[in-house]
file upload.cif (mmCIF, C-alpha atoms and all ligand atoms)
data_coords
loop_
_atom_site.label_atom_id
_atom_site.label_comp_id
_atom_site.auth_asym_id
_atom_site.auth_seq_id
_atom_site.Cartn_x
_atom_site.Cartn_y
_atom_site.Cartn_z
CA MET J 11 83.00 91.24 77.33
CA ASN J 12 86.49 90.42 75.97
CA ILE J 13 87.79 86.83 76.01
CA SER J 14 90.04 87.05 79.08
CA ALA J 15 87.35 88.84 81.15
CA ALA J 16 84.77 86.24 80.00
CA LYS J 17 87.11 83.38 81.04
CA GLU J 18 87.62 84.96 84.47
CA LYS J 19 83.85 85.21 84.97
CA ILE J 20 83.07 81.69 83.77
CA GLN J 21 82.45 80.16 87.23
CA GLU J 22 80.17 83.03 88.21
CA LYS J 23 78.21 83.14 84.93
CA GLY J 24 78.45 79.48 83.97
CA PHE J 25 79.29 80.25 80.35
CA LEU J 26 81.48 82.49 78.18
CA ASP J 27 79.65 85.77 77.99
CA ILE J 28 81.08 87.01 74.69
CA GLU J 29 79.13 88.89 72.07
CA ILE J 30 78.87 87.09 68.73
CA ASP J 31 78.86 88.90 65.38
CA ALA J 32 75.20 88.95 64.31
CA HIS J 33 76.21 88.06 60.72
CA LEU J 34 78.13 84.95 61.71
CA ASP J 35 76.68 81.69 60.34
CA ILE J 36 76.79 79.80 63.64
CA PHE J 37 75.62 76.51 62.09
CA ALA J 38 78.50 76.60 59.55
CA GLU J 39 80.99 77.66 62.23
CA ILE J 40 80.01 74.76 64.48
CA GLU J 41 80.50 72.34 61.56
CA ARG J 42 83.94 73.88 60.87
CA LEU J 43 84.97 73.62 64.54
CA LYS J 44 83.85 69.99 64.72
CA LYS J 45 86.26 69.06 61.90
CA GLU J 46 89.10 71.35 62.96
CA LYS J 47 89.07 70.13 66.58
CA ASN J 48 87.94 66.54 66.04
CA ALA J 49 84.97 67.26 68.27
CA ILE J 50 81.69 65.37 68.61
CA ILE J 51 78.44 66.94 69.81
CA LEU J 52 76.30 64.67 71.96
CA ALA J 53 72.86 66.14 72.63
CA HIS J 54 70.01 65.08 74.84
CA TYR J 55 66.50 64.88 73.37
CA TYR J 56 65.45 67.76 75.64
CA GLN J 57 67.77 70.27 73.97
CA GLU J 58 66.34 73.02 71.79
CA PRO J 59 65.74 72.04 68.12
CA ASP J 60 68.70 74.08 66.75
CA ILE J 61 71.09 72.18 69.02
CA GLN J 62 69.52 68.85 68.07
CA ASP J 63 70.04 69.76 64.41
CA VAL J 64 73.83 70.29 64.77
CA ALA J 65 74.36 67.26 67.03
CA ASP J 66 76.26 64.17 65.85
CA TYR J 67 74.23 62.01 68.16
CA ILE J 68 70.93 62.67 69.90
CA GLY J 69 69.76 60.32 72.60
CA ASP J 70 68.66 59.70 76.14
CA SER J 71 70.94 59.03 79.09
CA LEU J 72 71.77 55.42 78.20
CA GLY J 73 72.58 56.08 74.53
CA LEU J 74 74.57 59.19 75.40
CA ALA J 75 76.61 57.34 78.04
CA GLN J 76 77.41 54.59 75.55
CA LYS J 77 78.44 57.09 72.85
CA ALA J 78 80.57 59.02 75.33
CA ARG J 79 82.37 55.81 76.25
CA GLU J 80 83.02 54.73 72.66
CA THR J 81 83.89 57.92 70.83
CA ASP J 82 87.41 58.44 69.45
CA ALA J 83 86.85 62.19 69.05
CA SER J 84 89.29 64.36 71.01
CA ILE J 85 86.60 66.64 72.40
CA ILE J 86 83.13 65.70 73.63
CA VAL J 87 80.80 68.68 73.55
CA PHE J 88 77.91 67.70 75.77
CA ALA J 89 74.67 69.49 75.08
CA GLY J 90 72.76 68.39 78.14
CA VAL J 91 72.92 69.02 81.87
CA HIS J 92 75.87 68.87 84.27
CA PHE J 93 75.46 65.29 85.54
CA MET J 94 75.42 64.05 81.92
CA ALA J 95 78.68 65.81 81.06
CA GLU J 96 80.14 64.43 84.30
CA THR J 97 79.03 60.95 83.21
CA ALA J 98 80.87 61.42 79.90
CA LYS J 99 84.02 62.40 81.83
CA ILE J 100 83.66 59.41 84.18
CA LEU J 101 83.53 57.05 81.21
CA ASN J 102 86.12 58.73 79.01
CA PRO J 103 88.64 60.62 81.18
CA SER J 104 91.24 61.14 78.44
CA LYS J 105 88.80 63.30 76.46
CA LYS J 106 88.16 66.95 76.96
CA VAL J 107 84.48 67.27 77.95
CA LEU J 108 82.80 70.63 77.40
CA LEU J 109 79.40 71.81 78.62
CA PRO J 110 77.94 75.00 77.05
CA ASP J 111 76.61 76.25 80.40
CA LEU J 112 78.00 74.95 83.71
CA LYS J 113 74.81 76.06 85.45
CA ALA J 114 72.70 73.61 83.45
CA GLY J 115 71.94 71.52 86.52
CA CYS J 116 69.08 69.15 87.35
CA SER J 117 66.46 69.40 90.09
CA LEU J 118 66.43 65.61 90.43
CA ALA J 119 70.23 65.37 90.86
CA ASP J 120 70.03 68.28 93.34
CA SER J 121 67.39 66.43 95.37
CA ALA J 122 70.03 63.91 96.49
CA PRO J 123 72.92 65.66 98.26
CA ALA J 124 75.85 63.33 99.04
CA GLY J 125 75.99 63.79 102.87
CA PRO J 126 72.33 62.99 103.68
CA PHE J 127 72.31 60.24 101.05
CA LYS J 128 75.31 58.52 102.64
CA ALA J 129 73.57 58.68 106.06
CA PHE J 130 70.42 57.17 104.45
CA ARG J 131 72.45 54.40 102.81
CA ASP J 132 74.29 53.67 106.07
CA LYS J 133 70.93 53.10 107.81
CA HIS J 134 70.31 50.19 105.42
CA PRO J 135 73.69 48.41 105.37
CA ASP J 136 72.29 45.16 103.94
CA HIS J 137 70.71 46.94 100.92
CA ILE J 138 72.21 47.21 97.47
CA VAL J 139 71.96 50.74 96.02
CA ILE J 140 70.57 51.17 92.51
CA SER J 141 70.72 54.80 91.40
CA TYR J 142 69.13 56.38 88.38
CA ILE J 143 71.78 57.99 86.18
CA ASN J 144 70.27 61.43 86.90
CA CYS J 145 72.48 61.99 89.94
CA THR J 146 75.83 63.57 90.72
CA ALA J 147 79.18 61.75 90.55
CA GLU J 148 79.19 61.69 94.38
CA ILE J 149 75.88 59.75 94.46
CA LYS J 150 77.12 57.42 91.73
CA ALA J 151 80.20 56.73 93.87
CA LEU J 152 77.87 55.76 96.77
CA SER J 153 75.89 53.35 94.55
CA ASP J 154 76.34 49.72 93.51
CA ILE J 155 74.65 49.87 90.09
CA ILE J 156 73.45 52.77 87.96
CA CYS J 157 70.37 52.50 85.76
CA THR J 158 68.47 54.59 83.23
CA SER J 159 64.75 54.58 82.56
CA GLY J 160 65.49 52.40 79.52
CA ASN J 161 67.27 49.60 81.37
CA ALA J 162 66.03 49.92 84.98
CA GLU J 163 63.80 46.83 84.86
CA LYS J 164 66.63 44.63 83.58
CA ILE J 165 69.01 46.05 86.17
CA ILE J 166 66.55 45.31 89.01
CA GLU J 167 65.89 41.81 87.64
CA SER J 168 69.65 41.14 87.63
CA VAL J 169 69.71 41.50 91.43
CA PRO J 170 68.88 38.28 93.38
CA LYS J 171 65.28 38.28 94.64
CA ASP J 172 66.27 38.03 98.31
CA GLN J 173 68.61 41.02 98.08
CA PRO J 174 66.98 44.20 99.46
CA ILE J 175 67.31 47.30 97.31
CA ILE J 176 67.53 51.06 97.84
CA PHE J 177 66.39 53.00 94.77
CA ALA J 178 67.47 56.62 94.30
CA PRO J 179 66.98 59.47 93.63
CA ASP J 180 63.59 59.51 91.80
CA LYS J 181 60.69 58.33 93.98
CA ASN J 182 58.21 58.31 91.06
CA LEU J 183 60.41 56.14 88.87
CA GLY J 184 61.18 53.97 91.91
CA ALA J 185 57.48 53.47 92.73
CA TYR J 186 56.72 52.67 89.09
CA LEU J 187 59.56 50.11 88.95
CA ALA J 188 58.57 48.53 92.28
CA LYS J 189 55.09 47.94 90.86
CA LYS J 190 56.40 46.70 87.50
CA THR J 191 58.99 44.28 88.90
CA GLY J 192 57.09 43.26 92.05
CA ARG J 193 60.17 44.14 94.14
CA GLU J 194 59.87 46.09 97.34
CA MET J 195 62.40 48.90 97.35
CA VAL J 196 63.38 51.58 99.85
CA LEU J 197 62.98 54.85 97.95
CA TRP J 198 64.95 58.07 98.30
CA ASN J 199 62.52 61.01 98.30
CA GLY J 200 63.67 62.86 95.16
CA ALA J 201 61.80 64.02 92.06
CA CYS J 202 62.18 65.87 88.76
CA MET J 203 60.49 69.28 88.72
CA VAL J 204 59.50 68.86 85.07
CA HIS J 205 57.87 65.45 85.29
CA GLU J 206 56.25 66.08 88.65
CA ILE J 207 54.14 69.04 87.58
CA PHE J 208 52.06 67.53 84.79
CA SER J 209 48.41 68.33 85.42
CA LEU J 210 46.15 65.27 85.39
CA GLU J 211 43.15 67.57 85.09
CA LYS J 212 44.51 69.36 82.00
CA ILE J 213 45.63 66.09 80.43
CA THR J 214 42.14 64.67 80.96
CA LYS J 215 40.59 67.77 79.33
CA LEU J 216 42.99 67.45 76.39
CA LYS J 217 41.99 63.81 76.00
CA VAL J 218 38.32 64.87 75.81
CA ARG J 219 39.20 67.29 72.97
CA HIS J 220 41.39 64.65 71.25
CA PRO J 221 39.65 61.34 71.97
CA GLN J 222 41.76 59.44 69.44
CA ALA J 223 45.05 60.62 70.93
CA LYS J 224 47.14 58.16 72.93
CA ILE J 225 48.74 59.39 76.14
CA ILE J 226 52.42 58.45 76.31
CA ALA J 227 54.41 59.20 79.47
CA HIS J 228 57.88 59.02 81.00
CA PRO J 229 58.06 56.96 84.23
CA GLU J 230 59.41 59.99 86.14
CA CYS J 231 55.79 61.30 86.04
CA GLU J 232 53.59 60.94 89.10
CA GLU J 233 51.54 57.77 89.55
CA ALA J 234 48.23 59.50 88.73
CA VAL J 235 49.52 60.54 85.29
CA LEU J 236 51.07 57.12 84.65
CA ALA J 237 47.71 55.53 85.53
CA VAL J 238 46.04 57.20 82.51
CA ALA J 239 48.90 56.57 80.08
CA ASP J 240 48.49 54.19 77.16
CA TYR J 241 52.24 53.66 77.03
CA ILE J 242 55.05 54.34 79.54
CA GLY J 243 58.71 54.36 78.56
CA SER J 244 62.08 56.10 78.52
CA THR J 245 62.48 58.99 76.08
CA THR J 246 63.94 56.69 73.43
CA GLN J 247 61.17 54.14 73.98
CA LEU J 248 58.52 56.88 73.63
CA LEU J 249 60.12 58.03 70.37
CA LYS J 250 60.22 54.47 68.99
CA TYR J 251 56.66 53.80 70.09
CA SER J 252 55.41 56.93 68.31
CA GLN J 253 57.03 55.64 65.10
CA THR J 254 55.76 52.09 65.21
CA ASP J 255 52.31 52.56 66.73
CA SER J 256 49.40 53.02 64.33
CA SER J 257 47.75 56.03 66.05
CA LYS J 258 47.89 59.45 64.44
CA GLU J 259 47.77 61.62 67.56
CA TYR J 260 49.66 61.59 70.87
CA ILE J 261 49.59 63.55 74.11
CA VAL J 262 53.21 63.45 75.24
CA ALA J 263 53.93 63.63 79.00
CA THR J 264 57.64 64.34 79.12
CA GLU J 265 59.92 67.29 78.40
CA THR J 266 58.81 68.99 75.17
CA GLY J 267 62.25 68.80 73.45
CA ILE J 268 61.49 65.24 72.31
CA LEU J 269 58.60 66.47 70.15
CA HIS J 270 61.13 67.78 67.60
CA GLN J 271 62.44 64.24 66.94
CA MET J 272 58.95 62.72 67.06
CA GLN J 273 57.66 65.18 64.50
CA GLN J 274 60.70 64.70 62.23
CA ALA J 275 60.35 60.91 62.35
CA SER J 276 56.56 60.95 61.80
CA PRO J 277 55.60 64.14 59.91
CA ASP J 278 52.06 62.88 59.29
CA LYS J 279 51.29 62.48 63.02
CA THR J 280 50.26 65.08 65.60
CA PHE J 281 52.12 65.44 68.88
CA ILE J 282 50.55 67.49 71.66
CA PRO J 283 52.67 68.40 74.70
CA ALA J 284 50.96 67.43 77.96
CA PRO J 285 50.36 70.65 79.94
CA PRO J 286 51.90 71.28 83.34
CA ASN J 287 50.14 72.55 86.44
CA ASN J 288 50.99 76.22 85.78
CA ASN J 289 50.16 78.81 83.14
CA CYS J 290 52.35 77.27 80.43
CA ALA J 291 51.02 75.09 77.64
CA CYS J 292 54.07 72.86 77.54
CA ASN J 293 56.69 71.65 79.95
CA ASP J 294 60.28 72.72 79.29
CA CYS J 295 63.17 71.82 81.56
CA PRO J 296 64.68 75.19 82.52
CA HIS J 297 68.06 73.54 83.15
CA MET J 298 68.25 71.85 79.75
CA LYS J 299 67.15 75.05 78.05
CA LEU J 300 70.03 77.05 79.56
CA ASN J 301 72.14 75.70 76.71
CA THR J 302 71.79 77.72 73.52
CA LEU J 303 73.32 77.45 70.07
CA GLU J 304 75.41 80.57 70.81
CA LYS J 305 76.80 79.12 74.05
CA LEU J 306 77.50 75.84 72.24
CA TYR J 307 79.47 77.67 69.56
CA LEU J 308 81.46 79.70 72.12
CA CYS J 309 82.35 76.66 74.19
CA MET J 310 83.62 74.87 71.07
CA MET J 311 85.56 77.92 69.94
CA TYR J 312 87.33 78.56 73.28
CA GLU J 313 87.09 75.01 74.72
CA GLN J 314 85.45 76.21 77.93
CA PRO J 315 83.61 75.54 80.25
CA GLU J 316 85.34 72.21 80.74
CA ILE J 317 84.38 69.40 83.14
CA HIS J 318 87.14 68.40 85.57
CA MET J 319 86.90 65.62 88.12
CA ASP J 320 88.94 64.27 90.98
CA GLU J 321 90.38 60.87 89.91
CA THR J 322 89.44 59.01 93.11
CA LEU J 323 85.84 60.18 92.75
CA ARG J 324 85.84 59.32 89.06
CA LEU J 325 87.00 55.74 89.65
CA ALA J 326 84.44 55.21 92.42
CA ALA J 327 81.65 56.60 90.21
CA LYS J 328 82.78 54.51 87.23
CA LYS J 329 82.35 51.13 88.98
CA PRO J 330 78.51 51.21 89.14
CA MET J 331 78.39 52.73 85.63
CA ASP J 332 80.46 49.84 84.24
CA ARG J 333 78.15 47.41 86.01
CA MET J 334 75.15 49.03 84.30
CA LEU J 335 76.76 48.87 80.87
CA GLU J 336 77.72 45.18 81.38
CA ILE J 337 74.16 44.23 82.42
CA SER J 338 72.65 46.27 79.56
CA LYS J 339 74.96 44.57 77.08
CA ALA J 340 74.18 41.09 78.40
CA ALA J 341 70.45 41.93 78.14
CA GLY J 342 70.92 43.03 74.51
CA LEU J 343 69.88 46.61 75.27
CA ILE J 344 73.06 48.08 73.81
CA GLY J 345 75.48 46.83 71.18
S1 LIG T 401 63.97 67.08 82.90
FE1 LIG T 401 64.07 66.73 85.14
S2 LIG T 401 65.53 65.05 85.35
FE2 LIG T 401 65.81 65.89 83.26
S3 LIG T 401 67.43 67.43 83.53
FE3 LIG T 401 65.48 68.52 83.77
S4 LIG T 401 65.14 68.53 85.99
FE4 LIG T 401 66.69 66.96 85.59
#
call {"tool": "encode", "arguments": {"input": "upload.cif", "output": "structure tokens"}}
result
Amino acid sequence: MNISAAKEKIQEKGFLDIEIDAHLDIFAEIERLKKEKNAIILAHYYQEPDIQDVADYIGDSLGLAQKARETDASIIVFAGVHFMAETAKILNPSKKVLLPDLKAGCSLADSAPAGPFKAFRDKHPDHIVISYINCTAEIKALSDIICTSGNAEKIIESVPKDQPIIFAPDKNLGAYLAKKTGREMVLWNGACMVHEIFSLEKITKLKVRHPQAKIIAHPECEEAVLAVADYIGSTTQLLKYSQTDSSKEYIVATETGILHQMQQASPDKTFIPAPPNNNCACNDCPHMKLNTLEKLYLCMMYEQPEIHMDETLRLAAKKPMDRMLEISKAAGLIG
């Protein structure tokens, strides 16, 4: 497809469908474009290894949000899913924010549509709404404070004990946090398709074959999986734990992209992806994996697809994000 035809089809396809010369050194080209355009690549841990290797910063939602807010680059190339690129735009509206594939969505964000969520919130007018960052700008705008899996406990603790709370959109994370903090919370019934399908049976069998391995899990997993975990934490916390803990083997119950960083940081350790409840051996997020190195290169080259946002919506969504960053800073979670 030629460039103008590819641009016309971008909404339909989600990305620029342009053939790339097979001899092109895409890694070198991306480095050249970064300098030429003063662009920064922010990548989530769940991106494919090639993308992680060209990124200027790799992190989870909290770290990425902070980087997006602070960067003085002119262009933010966001290698992640749509709500993450939206978050970057909310925090840094003067920057051009690019996403390699507009269709890189999120089943968890999709599980909370704005209309029904507003009706749910309106049924509990005395409740404060804490929403996990994995939600759309519309849900952020309907929330009082945003949280990530790395700061959620501190965010909940910052709310007075007699103040009732709605937690959205992830019911598994919400149930885990309710147990951890001792706070009763009204939960929105949403879930992540990746973290919900880990098979307890297969994990248990793996543990029998690897008795020394520690099970480490993300709190978006179901309660039964969390119950057998030796350590539960956000993606960044899991990565740190795998570096500082003395074990040599880990069964990792989260998206498999993080194994690349774990293995790089601890080459002498073994990381085994926890198997899902289907025929696959590991659990990839199909949305995250829509981004490819080729799409990343094309979006940097032609500066499309770009994230645009209505200013009223942006300002409403920014308020609970700012609140989260303030609380995280006061708690010493970010610099
Ligand atoms: S892993 Fe789950 S929460 Fe993360 S982007 Fe994929 S579907 Fe959404």
call {"tool": "residues_near_ligand", "arguments": {"input": "upload.cif", "ligand": "ligand LIG 401 (chain T)", "cutoff": "6 Å", "atoms": "only C-alpha atoms and all ligand atoms", "output": "list in words"}}
result
Val91, Cys116, Ser117, Leu118, Cys202, Met203, Val204, Cys295, His297 and Met298 of chain J
call {"tool": "closest_residue", "arguments": {"input": "upload.cif", "among": "J:Met310, J:Ile68, J:Ala124, J:Ala15", "to": "J:Gln271", "atoms": "only C-alpha atoms"}}
result
J:Ile68
call {"tool": "axis_aligned_box", "arguments": {"input": "upload.cif", "around": "stretch 308-313 of chain J", "padding_each_side": "3 Å", "output": "AutoDock Vina command-line options"}}
result
--center_x 84.4 --center_y 77.3 --center_z 72.3 --size_x 11.9 --size_y 10.8 --size_z 10.8
call {"tool": "atom_distance", "arguments": {"input": "upload.cif", "atom1": "atom CA of J:Lys164", "atom2": "atom CA of J:Glu336"}}
result
11.3 Å
call {"tool": "atom_distance", "arguments": {"input": "upload.cif", "atom1": "atom CA of J:Gln57", "atom2": "atom CA of J:Glu233"}}
result
25.7 Å
call {"tool": "closest_residue", "arguments": {"input": "upload.cif", "among": "J:Pro330, J:Pro59, J:Pro126, J:Gly24", "to": "J:Leu303", "atoms": "all atoms listed in the file"}}
result
J:Pro59
call {"tool": "atom_distance", "arguments": {"input": "upload.cif", "atom1": "atom CA of J:Thr264", "atom2": "atom CA of J:Lys189"}}
result
20.3 Å
call {"tool": "residues_around", "arguments": {"input": "upload.cif", "residues": "stretch 245-256 of chain J", "least_positions_apart": "3", "cutoff": "7 Å", "atoms": "all atoms listed in the file", "output": "ChimeraX atom specification"}}
result
/J:69-70,226,228,272,275-276
call {"tool": "build_atoms", "arguments": {"input": "upload.cif", "residues": "stretch 257-288 of chain J", "atoms": "N, CA and C atoms", "output": "compact mmCIF listing (two decimals), in the frame of the given file"}}
result
# COMPACT_ATOMS: atom_id res chain seq x y z
N SER J 257 48.54 54.82 65.79
CA SER J 257 47.75 56.03 66.05
C SER J 257 48.31 57.23 65.30
N LYS J 258 47.48 58.25 65.18
CA LYS J 258 47.89 59.45 64.44
C LYS J 258 48.12 60.64 65.37
N GLU J 259 47.71 60.50 66.63
CA GLU J 259 47.77 61.62 67.56
C GLU J 259 48.26 61.15 68.94
N TYR J 260 49.11 61.96 69.56
CA TYR J 260 49.66 61.59 70.87
C TYR J 260 49.70 62.78 71.81
N ILE J 261 49.37 62.55 73.05
CA ILE J 261 49.59 63.55 74.11
C ILE J 261 50.85 63.07 74.84
N VAL J 262 51.89 63.91 74.80
CA VAL J 262 53.21 63.45 75.24
C VAL J 262 53.55 64.04 76.62
N ALA J 263 53.62 63.17 77.64
CA ALA J 263 53.93 63.63 79.00
C ALA J 263 55.40 63.40 79.32
N THR J 264 56.22 64.25 78.75
CA THR J 264 57.64 64.34 79.12
C THR J 264 58.11 65.70 78.65
N GLU J 265 59.41 65.97 78.80
CA GLU J 265 59.92 67.29 78.40
C GLU J 265 59.64 67.51 76.91
N THR J 266 59.30 68.74 76.54
CA THR J 266 58.81 68.99 75.17
C THR J 266 59.88 68.86 74.08
N GLY J 267 61.17 68.88 74.46
CA GLY J 267 62.25 68.80 73.45
C GLY J 267 62.12 67.58 72.55
N ILE J 268 61.60 66.48 73.09
CA ILE J 268 61.49 65.24 72.31
C ILE J 268 60.50 65.37 71.14
N LEU J 269 59.59 66.32 71.23
CA LEU J 269 58.60 66.47 70.15
C LEU J 269 59.25 66.80 68.80
N HIS J 270 60.40 67.45 68.84
CA HIS J 270 61.13 67.78 67.60
C HIS J 270 61.50 66.50 66.84
N GLN J 271 62.06 65.52 67.58
CA GLN J 271 62.44 64.24 66.94
C GLN J 271 61.20 63.45 66.54
N MET J 272 60.17 63.47 67.38
CA MET J 272 58.95 62.72 67.06
C MET J 272 58.34 63.25 65.77
N GLN J 273 58.27 64.56 65.66
CA GLN J 273 57.66 65.18 64.50
C GLN J 273 58.49 64.92 63.24
N GLN J 274 59.83 64.97 63.38
CA GLN J 274 60.70 64.70 62.23
C GLN J 274 60.55 63.26 61.74
N ALA J 275 60.45 62.33 62.71
CA ALA J 275 60.35 60.91 62.35
C ALA J 275 58.97 60.56 61.80
N SER J 276 57.93 61.26 62.24
CA SER J 276 56.56 60.95 61.80
C SER J 276 55.84 62.25 61.42
N PRO J 277 56.18 62.84 60.26
CA PRO J 277 55.60 64.14 59.91
C PRO J 277 54.09 64.13 59.72
N ASP J 278 53.51 62.94 59.49
CA ASP J 278 52.06 62.88 59.29
C ASP J 278 51.28 62.74 60.60
N LYS J 279 51.98 62.66 61.74
CA LYS J 279 51.29 62.48 63.02
C LYS J 279 51.27 63.79 63.80
N THR J 280 50.37 63.87 64.77
CA THR J 280 50.26 65.08 65.60
C THR J 280 50.73 64.77 67.02
N PHE J 281 51.61 65.63 67.53
CA PHE J 281 52.12 65.44 68.88
C PHE J 281 51.75 66.66 69.72
N ILE J 282 51.03 66.40 70.81
CA ILE J 282 50.55 67.49 71.66
C ILE J 282 51.28 67.40 73.00
N PRO J 283 51.99 68.48 73.39
CA PRO J 283 52.67 68.40 74.70
C PRO J 283 51.67 68.38 75.85
N ALA J 284 51.84 67.46 76.78
CA ALA J 284 50.96 67.43 77.96
C ALA J 284 51.22 68.69 78.78
N PRO J 285 50.15 69.39 79.22
CA PRO J 285 50.36 70.65 79.94
C PRO J 285 50.71 70.46 81.41
N PRO J 286 51.57 71.34 81.92
CA PRO J 286 51.90 71.28 83.34
C PRO J 286 50.88 72.03 84.19
N ASN J 287 51.06 71.93 85.50
CA ASN J 287 50.14 72.55 86.44
C ASN J 287 50.52 74.01 86.69
N ASN J 288 50.71 74.78 85.64
CA ASN J 288 50.99 76.22 85.78
C ASN J 288 50.38 76.89 84.55
